[in-house]
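**Student:** Have a look at this one before I ask anything.
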Amino acid sequence: MIILIVGSGAREHAIARALSLDPAVTQLHAAPGNPGIGTLSTVGGSPATLHGVDATDGVAVAALAGAVKADLVVVGPEAPLVAGVADAVRGTGIPVFGPSGKAAMLEGSKAFAKDVMAAAGVPTAEPRVCRSEAELEDALDAFGAPHVVKDDGLAAGKGVVVTDDRAEAIAHGVAIIDAGGVVVVEDFLDGPEVSLFCLCDGETVVPLQPAQDFKRAYDADAGPNTGGMGAYTPLPWAPDGLVDEVVRTVAQPTVDEMARRGTPFVGVLYCGLALTSKGVRVVEFNARFGDPETQVVLARLATPLAGVLLAAAEGRLGGIDALEWRDDAAVTVVVAADGYPASPRKGDPITGIDAAEEVDTVHVLHAGTTLDHRGDLLSNGGRVLSVTALGATLTEARERAYQGVDRIVLPGSHHRTDIAAKAAAEADA
Ligand code: GLY
């Protein structure tokens, strides 16, 4: 099977790595990919090929898919999905794993997602859509602190502010409105958060294993929101039956509602959930695999990935065997650039990846990296690397991941030291 993966982050590296380990995959192509993806090769020894194609250019991606004779295109990030890249590929007749532009509005517009949830009876926080500062202030007063203020549209992980500080909440909302956007204010959902990815073929839902990510920049959930600083799976503390409940009450009704609207959802429905005292509530939907949770979820997936993604793209998920999972735990720690998330510095040399990968089970996934003219690796973004490890327990997986992190040298970099720490300690107790 020849596969083209669209995107350039650590999530795409994790997907590409899982595909490279699938004996059914004969060629891997990436648009544009990253230096880490460029080091992969298939089980048969064919090196991955990077193509300098803009991931959000549907015409160019579709042309590339045809040129490389792709059997399947996998679109990773939200921006190409919302831009309709999956539609452009589907138009050529090539199977594509990723929702149409219309279906990706589940992520592209928070207000749209709330409308679908209301129609489908999916439990979520009550939203208020605000188009003026007066509406924003009314909504903040109605819900009280902590304030949850979201950009309705895509904002590359910077759209959501959760704060007790009313002035900060107003400033965030007004900045969105002043830029011509729309703000969604919500009631705060208390309780631990869980990410559950559901593979969907427009009709059938197949859940993966739940994971938890760490969105704040610094230890103990201090500092600003980020795209995610680390993740782990499994969740030993999660209630029995959680996955079945989320499929029954959240994912399946949403997929059914999208089909009823004539915009079937094909791809990953990322259910961002809060386990509140009143039960499971949806915090957000995303229309793609999460980053960095994918790094740990796919590290544990034993079923070869390509056939599953192709089945989803071709509407055949109802016929696949149950997914198989490794017993191991997985932990990933993000190494971020100096200044991330406010103003990440680029161009710093990165060394130590080979040494990190000498630690048992550690693999280092690239996100914000690039090669200079000499072939040396430099930082080129905020979240630079995801250092991922497996272990018999969460404790072992996190020890290995942090041994890997300690061997990476990136001037000015920072990372959280408490990824999975609480869950590991509870599981060991
Ligand atoms: N981990 C958060 C996200 O992927 O949006």
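We name chains A, B, ... following the order of the structure tokens; residues begin at 1 in each chain, and ligands are numbered from 1 as shown.
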What are the nearest atom pairs, with distances in Å to one decimal, for all residues of chain A that come at most 6 Å from ligand 1, using only C-alpha atoms and all ligand atoms, set out by chain and rising residue number as CSV?

**Tutor:**
```
residue,atom,partner,partner_atom_place_in_ligand_line,distance
A:Asp213,CA,ligand 1,1 (N),5.9
A:Gly227,CA,ligand 1,2 (C),5.6
A:Gly228,CA,ligand 1,1 (N),5.0
A:Gly290,CA,ligand 1,4 (O),3.3
A:Asp291,CA,ligand 1,4 (O),4.0
A:Pro292,CA,ligand 1,1 (N),5.5
```

**Student:** Those residues with all heavy atoms, as a compact mmCIF listing (two decimals), in the first residue's frame please?

**Tutor:**
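The result, stored in again_7.txt:
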```txt
# COMPACT_ATOMS: atom_id res chain seq x y z
N ASP A 213 -3.68 14.56 28.20
CA ASP A 213 -2.57 15.46 27.87
C ASP A 213 -2.46 16.56 28.91
O ASP A 213 -3.31 16.69 29.79
CB ASP A 213 -2.67 16.00 26.45
CG ASP A 213 -3.71 17.08 26.29
OD1 ASP A 213 -4.56 17.23 27.17
OD2 ASP A 213 -3.67 17.79 25.27
N GLY A 227 -0.15 23.96 23.06
CA GLY A 227 -0.72 22.90 22.23
C GLY A 227 -0.72 21.56 22.96
O GLY A 227 -1.42 20.63 22.57
N GLY A 228 0.06 21.45 24.03
CA GLY A 228 0.17 20.18 24.79
C GLY A 228 1.63 19.88 25.07
O GLY A 228 2.44 19.89 24.16
N GLY A 290 -5.17 13.95 18.11
CA GLY A 290 -4.61 14.98 19.00
C GLY A 290 -3.10 14.89 19.06
O GLY A 290 -2.49 13.86 18.80
N ASP A 291 -2.50 16.00 19.42
CA ASP A 291 -1.05 16.11 19.54
C ASP A 291 -0.77 16.74 20.90
O ASP A 291 -1.22 17.87 21.13
CB ASP A 291 -0.55 16.99 18.39
CG ASP A 291 0.96 17.02 18.27
OD1 ASP A 291 1.63 16.56 19.21
OD2 ASP A 291 1.45 17.50 17.25
N PRO A 292 -0.16 16.05 21.85
CA PRO A 292 0.72 14.89 21.72
C PRO A 292 0.09 13.53 22.07
O PRO A 292 0.84 12.54 22.16
CB PRO A 292 1.81 15.20 22.74
CG PRO A 292 1.10 15.90 23.85
CD PRO A 292 0.00 16.70 23.18
```

**Student:** Taking 4 positions as the minimum chain separation for residues in the same chain, which residues sit within 8 Å of Ala259 (chain A) when counting only C-alpha atoms? Answer as a PyMOL selection string.

**Tutor:** chain A and resi 202-203+255+263-265

**Student:** Those residues you just picked out, can you put them in a file as a PDB file, in the first residue's frame with N, CA, C and O atoms?

**Tutor:**
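Listing of selection.pdb after writing:
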```pdb
ATOM      1  N   GLY A 202     -18.051   7.516   8.733  1.00  0.00           N
ATOM      2  CA  GLY A 202     -19.297   8.164   8.333  1.00  0.00           C
ATOM      3  C   GLY A 202     -20.494   7.538   9.004  1.00  0.00           C
ATOM      4  O   GLY A 202     -21.562   8.142   9.086  1.00  0.00           O
ATOM      5  N   GLU A 203     -20.284   6.315   9.533  1.00  0.00           N
ATOM      6  CA  GLU A 203     -21.400   5.576  10.124  1.00  0.00           C
ATOM      7  C   GLU A 203     -20.955   4.841  11.392  1.00  0.00           C
ATOM      8  O   GLU A 203     -21.541   4.991  12.454  1.00  0.00           O
ATOM      9  N   VAL A 255     -21.765  11.278  15.153  1.00  0.00           N
ATOM     10  CA  VAL A 255     -21.575  10.738  13.793  1.00  0.00           C
ATOM     11  C   VAL A 255     -22.941  10.553  13.110  1.00  0.00           C
ATOM     12  O   VAL A 255     -23.098  10.862  11.912  1.00  0.00           O
ATOM     13  N   THR A 263     -23.414  15.507   5.867  1.00  0.00           N
ATOM     14  CA  THR A 263     -21.967  15.761   5.931  1.00  0.00           C
ATOM     15  C   THR A 263     -21.323  14.676   6.786  1.00  0.00           C
ATOM     16  O   THR A 263     -20.880  14.932   7.913  1.00  0.00           O
ATOM     17  N   PRO A 264     -21.296  13.434   6.270  1.00  0.00           N
ATOM     18  CA  PRO A 264     -20.781  12.332   7.080  1.00  0.00           C
ATOM     19  C   PRO A 264     -19.349  12.581   7.533  1.00  0.00           C
ATOM     20  O   PRO A 264     -18.548  13.150   6.792  1.00  0.00           O
ATOM     21  N   PHE A 265     -19.056  12.128   8.748  1.00  0.00           N
ATOM     22  CA  PHE A 265     -17.734  12.363   9.330  1.00  0.00           C
ATOM     23  C   PHE A 265     -16.858  11.139   9.136  1.00  0.00           C
ATOM     24  O   PHE A 265     -17.137  10.063   9.676  1.00  0.00           O
TER      25      PHE A 265
END
```

**Student:** One decimal, Å: what's the distance from CA of Gly272 (chain A) over to CA of Leu154 (chain A), could you say?

**Tutor:**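 According to the coordinates, CA of Gly272 (chain A) and CA of Leu154 (chain A) are separated by 15.5 Å.
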
**Student:** Can you pull out every residue from region 288-429 of chain A that DSSP, working from the backbone, puts in strand (DSSP E or B), and format the result as a PyMOL selection string?

**Tutor:** chain A and resi 301+325+329-336+349+351+363-366+369-371+377-379+383-391+409+414

**Student:** Could you give me, as a short mmCIF file (atom, residue, chain, number, x, y, z; two decimals) with C-alpha atoms, in the first residue's frame, the residues within 12 Å of Ala337 (chain A), counting only C-alpha atoms and dropping anything in the same chain fewer than 2 positions from it?

**Tutor:**
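Contents of the output file around01.cif:
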```
data_model
loop_
_atom_site.label_atom_id
_atom_site.label_comp_id
_atom_site.auth_asym_id
_atom_site.auth_seq_id
_atom_site.Cartn_x
_atom_site.Cartn_y
_atom_site.Cartn_z
CA ALA A 217 3.29 25.13 29.91
CA MET A 229 3.36 19.47 26.76
CA VAL A 334 7.41 17.53 24.73
CA VAL A 335 10.71 19.39 24.52
CA GLY A 339 10.23 31.25 24.76
CA TYR A 340 7.42 28.78 23.94
CA PRO A 341 4.50 29.39 23.86
CA ALA A 342 4.67 33.22 23.70
CA SER A 343 7.55 33.66 21.26
CA PRO A 344 9.50 30.49 20.51
CA ARG A 345 13.06 30.98 19.37
CA LYS A 346 14.06 29.17 16.19
CA GLY A 347 17.41 28.15 14.77
CA ASP A 348 18.99 26.49 17.81
CA PRO A 349 21.07 23.33 17.20
CA ILE A 350 19.55 20.03 18.37
CA ALA A 367 7.70 18.61 15.30
CA GLY A 368 9.46 21.99 15.02
CA THR A 369 12.70 20.86 13.40
CA LEU A 378 17.86 22.98 14.06
CA SER A 379 14.78 23.99 16.01
CA ASN A 380 12.08 25.54 13.86
CA GLY A 381 8.97 25.83 16.02
CA GLY A 382 7.55 25.94 19.53
CA ARG A 383 7.08 22.28 20.32
CA VAL A 384 10.31 20.85 18.92
CA LEU A 385 10.37 17.15 19.85
CA SER A 386 8.15 14.54 21.53
CA VAL A 409 20.58 19.11 23.97
CA LEU A 410 18.64 22.14 22.74
CA PRO A 411 19.80 25.50 24.14
CA GLY A 412 17.11 27.26 26.16
CA SER A 413 14.62 24.41 25.84
CA HIS A 414 12.11 23.58 28.54
CA HIS A 415 9.83 20.68 29.36
#
```

**Student:** Using only C-alpha atoms, which of the listed residues (A:Val53, A:Ala175, A:Leu208, A:Val74) sits closest to Leu301 (chain A)?

**Tutor:** A:Leu208

**Student:** Pick the closest to Asn286 (chain A) from A:Gly404, A:Gly267, A:Gly7, A:Pro47: which is it, counting only C-alpha atoms?

**Tutor:** A:Gly267

**Student:** Which of these, A:Val129, A:Val185, A:Leu196, A:Ile177, has the shortest distance to Asp141 (chain A) once you count only C-alpha atoms?

**Tutor:** A:Val185

**Student:** Pick out the closest residue to Glu314 (chain A) from this set: A:Leu64, A:Leu371, A:Val387, A:Val266. Count only C-alpha atoms.

**Tutor:**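 Using only C-alpha atoms, Glu314 (chain A) sits closest to A:Val266.
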
**Student:** Apply DSSP to the backbone of this structure and, from region 12-185 of chain A, keep only the residues in helix (DSSP H, G or I); write these as a PyMOL selection string.

**Tutor:** chain A and resi 12-20+37-39+58-67+78-82+85-90+105-108+110-120+133-143+166-178

**Student:** What's the 12 Å shell around Leu81 (chain A), counting only C-alpha atoms, without same-chain residues fewer than 3 positions away, as a PyMOL selection string?

**Tutor:** chain A and resi 6-7+55-58+61+74-78+84-89+96-108+154+265-268+286-289

**Student:** For the selection just defined, write its residues with C-alpha atoms to a file, as a PDB file, in the first residue's frame.

**Tutor:**
```
ATOM      1  CA  VAL A   6      -0.225  15.344   5.001  1.00  0.00           C
ATOM      2  CA  GLY A   7       1.286  17.515   7.746  1.00  0.00           C
ATOM      3  CA  ALA A  55      -0.289  20.863   3.349  1.00  0.00           C
ATOM      4  CA  THR A  56      -3.191  23.313   2.989  1.00  0.00           C
ATOM      5  CA  ASP A  57      -3.105  23.382  -0.843  1.00  0.00           C
ATOM      6  CA  GLY A  58      -5.775  20.832  -1.797  1.00  0.00           C
ATOM      7  CA  VAL A  61      -1.911  17.560  -2.412  1.00  0.00           C
ATOM      8  CA  VAL A  74      -3.991  10.551   5.633  1.00  0.00           C
ATOM      9  CA  VAL A  75      -4.515  14.214   6.542  1.00  0.00           C
ATOM     10  CA  GLY A  76      -3.102  15.034   9.981  1.00  0.00           C
ATOM     11  CA  PRO A  77      -3.683  18.656  11.044  1.00  0.00           C
ATOM     12  CA  GLU A  78      -6.878  20.691  11.309  1.00  0.00           C
ATOM     13  CA  GLY A  84     -10.998  21.166   2.251  1.00  0.00           C
ATOM     14  CA  VAL A  85      -7.847  19.201   1.404  1.00  0.00           C
ATOM     15  CA  ALA A  86      -9.651  15.886   2.045  1.00  0.00           C
ATOM     16  CA  ASP A  87     -12.399  16.959  -0.388  1.00  0.00           C
ATOM     17  CA  ALA A  88      -9.835  17.734  -3.088  1.00  0.00           C
ATOM     18  CA  VAL A  89      -8.247  14.290  -2.704  1.00  0.00           C
ATOM     19  CA  VAL A  96      -8.651   9.670   2.154  1.00  0.00           C
ATOM     20  CA  PHE A  97      -8.632   9.415   5.935  1.00  0.00           C
ATOM     21  CA  GLY A  98      -9.875  12.785   7.132  1.00  0.00           C
ATOM     22  CA  PRO A  99     -13.194  14.630   7.152  1.00  0.00           C
ATOM     23  CA  SER A 100     -14.531  16.906   4.452  1.00  0.00           C
ATOM     24  CA  GLY A 101     -14.253  20.651   5.002  1.00  0.00           C
ATOM     25  CA  LYS A 102     -17.898  20.730   6.061  1.00  0.00           C
ATOM     26  CA  ALA A 103     -17.517  17.855   8.534  1.00  0.00           C
ATOM     27  CA  ALA A 104     -14.275  19.369   9.886  1.00  0.00           C
ATOM     28  CA  MET A 105     -16.364  22.334  11.062  1.00  0.00           C
ATOM     29  CA  LEU A 106     -16.855  20.253  14.199  1.00  0.00           C
ATOM     30  CA  GLU A 107     -13.415  21.677  14.988  1.00  0.00           C
ATOM     31  CA  GLY A 108     -13.460  24.735  12.719  1.00  0.00           C
ATOM     32  CA  LEU A 154      -9.143  27.680  14.585  1.00  0.00           C
ATOM     33  CA  PHE A 265     -17.734  12.363   9.330  1.00  0.00           C
ATOM     34  CA  VAL A 266     -14.809  10.241   8.114  1.00  0.00           C
ATOM     35  CA  GLY A 267     -11.594  10.395  10.103  1.00  0.00           C
ATOM     36  CA  VAL A 268     -10.819  10.892  13.788  1.00  0.00           C
ATOM     37  CA  ASN A 286     -11.473  18.142  17.140  1.00  0.00           C
ATOM     38  CA  ALA A 287     -11.578  16.668  13.666  1.00  0.00           C
ATOM     39  CA  ARG A 288      -8.181  14.916  13.772  1.00  0.00           C
ATOM     40  CA  PHE A 289      -5.788  12.994  15.955  1.00  0.00           C
TER      41      PHE A 289
END
```

**Student:** Closest to Val280 (chain A) among A:Thr49, A:Thr388, A:Thr249, A:Gln212, using only C-alpha atoms?

**Tutor:**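 The answer is A:Thr249, which sits nearest to Val280 (chain A).
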
**Student:** Which residue is closest to Gly173 (chain A)? Choose from A:Cys130, A:Leu189, A:Val247, A:Ala142 and count only C-alpha atoms.

**Tutor:**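 Among A:Cys130, A:Leu189, A:Val247, A:Ala142, it is A:Cys130 that comes nearest to Gly173 (chain A).
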